[in-house]
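Here the structure is laid out as structure tokens; the discussion comes afterwards.
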Amino acid sequence: MNRVNVLIVIAVAVVTFSLWAYVNQPKEHPPWPRIVKGFSFSPFRVHQDAIKHILPSVDDIDQDLALLAGRTYAVRSYSTEGTLAEIPRLAKKYNINITLGAWISQDTERNEREINKLIELAAKHRNVVRVIVGNEVLLHNYIGVEQLEGYLDRVRKAVNVPVSTAETWDVWKRYSQLETHVDFIAAHLLPYWEKQPVEKAVAFVADRMDYLQTLFPDKPIVITEVGWPSNGRSWGAAVASQSNQAMFLRQFLKLAEQQDYTYYIIEAFDQPWKGDSSEGGVGSYWGVYDVYRHQKFSFTEPIVGIPHWKWLAGLSVVMAIIVFALLLMDSKHLGMHGRSFLAIIAYAVATAVVWVANDYTNQYLTGLSVFIGLLLVFGMIGVIVVMLAEAHEWAELRWSRFRRREFKPLIVPVAELPFVSIHVPCYNEPPTMMIETLNSLACLQYPHYEVIVIDNNTQDPAVWQPVQAHCQQLGERFHFYHQDPLAGFKAGALNYALTKTSSQTEVIAVIDSDYQVDPLWLHDLAPQFVNPAIAIVQAPQDYRDGNENLFKSMCYSEYAGFFQIGMITRNERNAIIQHGTMTLIRHSVLAKIGGWAQWCITEDAELGLRVFEHGYEAIYIPKSYGKGVMPDTFIDYKKQRFRWAFGAVQILRGHARQLVGRVKTRLTWGQRYHFVAGWLPWLADGLNLLFNIAALFWSLGMILAPRSFTPPLIIFSLLPLALFSFKTAKQFYLYQSHVNSNIWQTLAATIAGIALSHTISKAIVQGFIKKDKPFFRTPKLAQRLSYTSALAVVYEEIMLTLLFIAAVTGVSYSPANASLDLLFWTVVLCVQTLPYLAAIAMSLLGARAHGAKMTVAQAY
């Protein structure tokens, strides 16, 4: 790295480290008391499970009680099943009192066993100071209130200690008649589940205690559960985190000491098995100690959001430097602002990766969560790679100090100008359009050229014979060939034209049948071939019907971006995409590398890559020298883009070993980068289709089985949202700065572009499944579609739109409708709907286009 890069790295590193420090400032809170009054006690370890009745051993229970000895006066148990019945006996030797619990459920036979055992243990052990019959049984509707009252009355007659049942405060309010069946009010005060911000949580507990004391003035109030989770999803304004858990508990314990509350902190130890309960993932993280019996947070020192933040900040800085260095490879021409931009992106990406990794690795991982984690890692890598590639293109286009391979016109003596053979392949094209194309070629201001028209497989003589006659009228430069049948689609036609090419030909030029060329096309571009290293000279595709109607105006805006943005940056590393029109290629090179590939439906781009593999150069001039016509309908627009995307996958598959370096070629790493990175957005569309399918199924699960399918964590939602936002910002900036588009034209280009997302995604997925696909010809001067036909064209997009609207509506009524996770997930579903809505709009505009002479500029 040079001095400027080092300074940028240091500056951004300081800012990054400062941000980590700012959000992790130590905060003073009351210290933890030497002994707390009580803990909720579930002595389950890793791989033990109360639901599956995989219970802890007696030794496990004894070790846990030994750990709590001297740190609490009492513990509360929940069940008398199996080894859990040993808790009173084992606790006695550690001078720990017991609030003994019997688990009450819909299983009446188990209820009987639990109650009988409860009565037996209460009579046997003096350290049982209270008993609780059932835990939140009315809240979860396990049994009816009358049945619960019967259980309570029975136990009160049989034991000599106070009896109650444990419920949340609001259940006690709803069933206040329970007061006559209990000796004390056993209330759960859990501000997290009440969606309270942690700053107001202790005040909420105090307020509810005052309310309960007012509601039940003749009964003592025991807080049988009070706590805060250290991990899991946010619930409304309540954020589960280790620092929030420490803050709440230390503040609550101070209040409890002042108010002389009797309480049981939920809970002593984390319980991973609760992740599969009705509480969801957050249920695993309520312990003061983790499942491995390590204290989670400091009891006395200032509270820090992430105690080990310095290590994480350091790791993010190291990762960012590596990413920044990779982004700057072969980017010496990039100015300081561009390097600073990439440094900020690198640090942001590295910090996000470290944050997500830290958050995820602090969870208790099951087989399912590991699988989901791997999907998350895979998705994150994909999003980050696409985002870095987009950022690199943005920086190079905006902040390059100079163009390394800018087109420089050459003046060559007429005698040294190469002979050019212009090939015009056509199939079933309107003869009037073909005649206009040939007339423009006849006007070329160039001395040495011929024109070969190859009509392949057109069966109607009325279509091709007028073109043949016109060629004869234009003179000896023009040659017409009609072949039917002729295999190989456009590539087959071009290879056939090579066999008819003049022996003096040095350069092959190719244009589409609808292009009307500038008279100076060959005059300005052909002289570049005096440089023997040059094999391709490419001018952009352009269109003359962009002002015909709103549909074509939007398409025109979308097309322009690639030729004014992508091709500019590709040209800097000799890595342009060759196009099958407005292209010139050295004849000897074309013959050497085997002609046009008939196995690939994007034979032009494939040929360009083969040229680079042989070490030749291409040059791009971002000036229009010819204009064709755009697709007339959205179905043709879709088919054209499908062919391009499917062909891209064919090229990647066919040249994979060359691109990764397993087959020796003369490709540079810059060329490899552009041929992979340039198609990454399309590959991302393919993955996005799979994501959408999974999102719809998951949302259906959230609607039908909300306890089993909770909203995905925010980190899952942030990935697609971050990529969508970044790409949109980049497009709006570069279109206005480098394509000279106003905001409405940029918006039009965005809508037209995302309207093709579903088509591209299908092409990408099919490209990896199928080896080949029929060549889709783009019709010229096609008939307009009716609105009904236009809707039929996008029936898949319509169905997906309806499914996403149903998903958004359904999940909006989820019981977790106030959670940030659900809010972000709903936003994701809405964003994922946009491409399908755009496709419907574009298809309808295409149907309307033939009767509406309006452009984007006129529309706004």
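Convention: chains lettered A, B, ... in structure tokens order; per-chain residue numbering from 1; ligands numbered from 1 as shown.
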Determine, counting only C-alpha atoms, which protein, DNA and RNA residues have an atom within 9 Å of an atom of Arg405 in chain A; residues of the same chain fewer than 4 positions away are not included. Present the result as a ChimeraX atom specification.
-> /A:571-574,619-620
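Residues lying within 8 Å of Glu149 in chain A, counting only C-alpha atoms and ignoring same-chain neighbours fewer than 3 positions away, are Val145, Glu146, Leu152, Asp153, Leu178 and His181 of chain A.
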Mind pulling up the distance from CA of Leu756 in chain A to CA of Ile511 in chain A?
->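 Distance reported for this atom pair: 25.0 Å.
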CA of Val676 in chain A to CA of Val663 in chain A, straight-line distance in Å = 16.2 Å
With a distance cut-off of 9 Å and only C-alpha atoms, select the neighbouring residues of range 607-612 of chain A, excluding the residue or stretch itself and same-chain residues fewer than 2 positions from it, and output the selection as JSON, numbers by chain.
-> {"A": [535, 536, 574, 575, 576, 577, 578, 579, 589, 590, 593, 595, 596, 597, 602, 603, 604, 605, 614, 615, 616, 617, 618, 651, 655, 665, 666, 667, 668, 671, 675]}
Return the single residue from A:Asn24, A:Asn5, A:Thr826, A:Ser502 that is closest to Ser331 in chain A, with distances computed using only C-alpha atoms.
-> A:Asn5
For Val36 in chain A, the nearest of the candidates A:Leu84, A:His125, A:Glu396, A:Lys254, counting only C-alpha atoms | A:Lys254
